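Chemist: This is the structure I have questions about; it appears just below.
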Amino acid sequence: MPLFDKIALWFESVNAKVESILQVSVYALVTIVTLEVFVRAVLGAPLIWARDSMLWFYSLMLLMPVAYYYSRGAHISASDLVQSFNLSTTTKKTLNLINNLVLLLVAVVLVSPAISRLMVSLRISEQSILTLWRPPLWPFFILIPITFILVGLQALIGVVRSAMALVKEDAQR
Amino acid sequence: MSPQIMTVLSFVGLIAGILMGMPVSTVLMSIGVLIGFSTLGPLSLDMMVRGVFSVMANDTLVALPLFVFMGCMLQSSGIADRLFHNLRLALGSLRGGLGIVTILISTILAATTGIVGTAVIMMGVLALPKMLESKYDKPLAAGIICAGGTLGIIIPPSIMLILYGLSAGVSIVSLFAAAVIPGLLLAVLYMLYTAIVCYLRPELGPPCCDEELAQINPATFVLELIVSLVPPLLLILGVLGAIFFGLATPTEAAGIGALSTVLLCVAMRRFNLIALRDAAKQTVQVSSTILWLMVCAQMFTSVFLAMGGGVVIKDWILAIAGGNPTVVLFIMMASIFLLGQIVCWTGILLITVPIFTPIAISMGWDPIWFGMLICVNLQMSFLSPPFAYAIFYLKQVAPPELQLQHLYRGVWPFIGLQALGLLLIAFFPELALWLPRLLLR
């Protein structure tokens, strides 16, 4: 197996693992929200850490599997409509290449401002102002550049795969 | 470049990207970067990163995965099975009775879950074989299940209402209250249509269950029927009651509802770890893809509105309509309906609402009423061919004899009923505004 395929498969399997681990965040959200309601309503003592930790688990669930769902084609699109156009395989592969290329470029452009925002947060020791617990905000901000980097890498894999498929098809012809 | 040209380019780019099969999130992000960079410069990229954080820091959105999880767990709980069995015996002997029961259960499910797929799949598995066995007309049976399923997205708790509220800056609790009567109105319209059509043409929905009915004891049956209604009614009262009476926020009510469905599964001896894991897996996928789309829509709309695109669209619509409010409303509703033929409701909602809401406010319309019109209109996108998601959900679980053409033929009368519902809400705003006024005084 060529080196690229090995690296691509390893990257995708890591992302798949991350996605399955993230199921825990659903249980965590249910537990934190119901515990907070119970403790507040019954014991009259709201949990100081509930709101920030709930948002962190929710953000984790929102951003970390994004790259994996790009690889699985699970993001919302009009792909059914495109399928009905009866396009040739070459056109489909070319469209795939363009789609991945666009995603790669956008992800690359957005990594830098996302890192800058993280650096600002670290430099000024930014804290959450939701509750008196006031945890640092960098664990939130670090998720943004990580997401764009993962999406960019996934798009790069898509670009190389589509380009290789096109070259292979051209050689066969 | 002028905002007018950038607005045209943005929409040409949006349509072209979508028709190329690109994920809507990628289209929105890339156009956002392009128009942002060319009109506002590098500052726009910082604005887009802030857009990501604004979705991450929004605790109301936490309700979305919780309601999705609730719907997924409800599918495993088996509450619909018992209810369907008992209501089928109670009403099945009427012409079209089985169809009415299906819509009734879909309405109850809609009030316990915020998504469309749950009711369509559950009724596709439970009710469709029984209707086909009873010689129901195939398109009618398919139409009933698909239309009943779409109630899930309008009757609260609904993830569409949560997303609408956040995009338009409208109270989600008010939207939940406003959606109750329009949702029930649509359910009644579906039931009336089924009853009338089967009364006039009995071969479309013949009576059933006579033999089964002859074997049961009426007293025990009534008790069994009441018992099967208790769990879903408790869930509805627990979740919606807590929200409407101000005892809990939508997020807290969603958390309690999610835990309650897990406990319901345990109580009904339907709980297993595989079902729990599957529900969590589905929740992560549905939530992450919808919320990521929201992140990208936020990135797009923040730069689109900052470069003046919203004002350009407003000027165009007002110029075409000649300032006539009815024509303005018609243009907005028609564009949402047409977009519904090719794009999923989330994409339409997240793109159009931030642009249309300021126009609605400048026309002096109530944002809650306007929101209801948009949400009922978006409901049609689940049924309107060629890309009707309710049809695709049903096809996944339908027996092979039910062809795609049966499904397409069956949904048209119900799209007509949804359009009638939309007109009723447009002409009688009190249908949407009375309940929020009463509950949230």
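Each chain in the structure tokens gets a letter, A, B and so on, in the order shown; residues start at 1 in every chain, and ligands are counted from 1 in the order they appear.
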Provide as JSON, numbers by chain the residues of chain A at most 8 Å from chain B, counting only C-alpha atoms.
Modeler: {"A": [19, 20, 22, 23, 24, 26, 27, 29, 30, 31, 33, 34, 37, 51, 54, 55, 58, 59, 61, 62, 63, 65, 66, 69, 74, 75, 76, 77, 78, 79, 80, 81, 82, 95, 99, 102, 103, 106, 110, 113, 114, 117, 141, 144]}
Chemist: I need the alpha helix (DSSP H) residues of region 190-337 of chain B per DSSP on the backbone, written as a PyMOL selection string.
Modeler: chain B and resi 190-200+210-214+218-236+242-244+250-267+273-306+309-321+325-337
Chemist: For a quick check of understanding, using only C-alpha atoms, which of B:Thr118, B:Thr107, B:Asn86, B:Ser228 has the smallest distance to Leu394 (chain B)?
Modeler: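 Ranking B:Thr118, B:Thr107, B:Asn86, B:Ser228 by distance to Leu394 (chain B), first place goes to B:Thr118.
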Chemist: Given only C-alpha atoms as the basis, pick out the residue of B:Gln403, B:Ser38, B:Thr113, B:Ser10 nearest to Gly149 (chain B).
Modeler: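 Nearest to Gly149 (chain B): B:Thr113.
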Chemist: Quote the spacing between CA of Met372 (chain B) and CA of Leu438 (chain B) in Å to one decimal place.
Modeler: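 So the two atoms, CA of Met372 (chain B) and CA of Leu438 (chain B), lie 17.0 Å apart.
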Chemist: Can you pull out every residue within 9 Å of region 348-358 of chain B, counting only C-alpha atoms, but drop anything in the same chain fewer than 5 positions away, and send it as number ranges by chain?
Modeler: B: 28, 160, 163-164, 167-168, 293-294, 297-298, 300-301, 305, 309-311, 313-314, 332, 336, 339-340, 343, 363, 367, 370-371, 374-375, 378
Chemist: Looking at only C-alpha atoms, which of B:Gly421, B:Gly152, B:Pro399, B:Pro413 is the one that sits closest to Leu140 (chain B)?
Modeler: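 Under the stated criterion, the closest residue is B:Pro413.
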Chemist: As a PyMOL selection string, please: the residues near region 242-246 of chain B (cut-off 9 Å, only C-alpha atoms, same-chain neighbours under 6 positions excluded).
Modeler: chain B and resi 173-174+176-177+252-253+436+439-440
Chemist: I'd like the interatomic distance between CA of Pro232 (chain B) and CA of Lys135 (chain B), to a tenth of an Å.
Modeler: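 Going from CA of Pro232 (chain B) over to CA of Lys135 (chain B), I get 29.4 Å.
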Chemist: Write out as a PyMOL selection string the residues lying within 8 Å of Ser128 (chain A), counting only C-alpha atoms and excluding same-chain residues fewer than 3 positions away.
Modeler: chain A and resi 52+131+134-137
Chemist: Just to confirm, what's the straight-line distance from CA of Gly152 (chain A) to CA of Leu104 (chain A) in Å (one decimal)?
Modeler: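 Separation of CA of Gly152 (chain A) and CA of Leu104 (chain A): 4.8 Å.
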Chemist: Which of these residues is nearest to Gly158 (chain A), using only C-alpha atoms: A:Leu118, A:Ala16, A:Val109, A:Ala8?
Modeler: A:Ala8
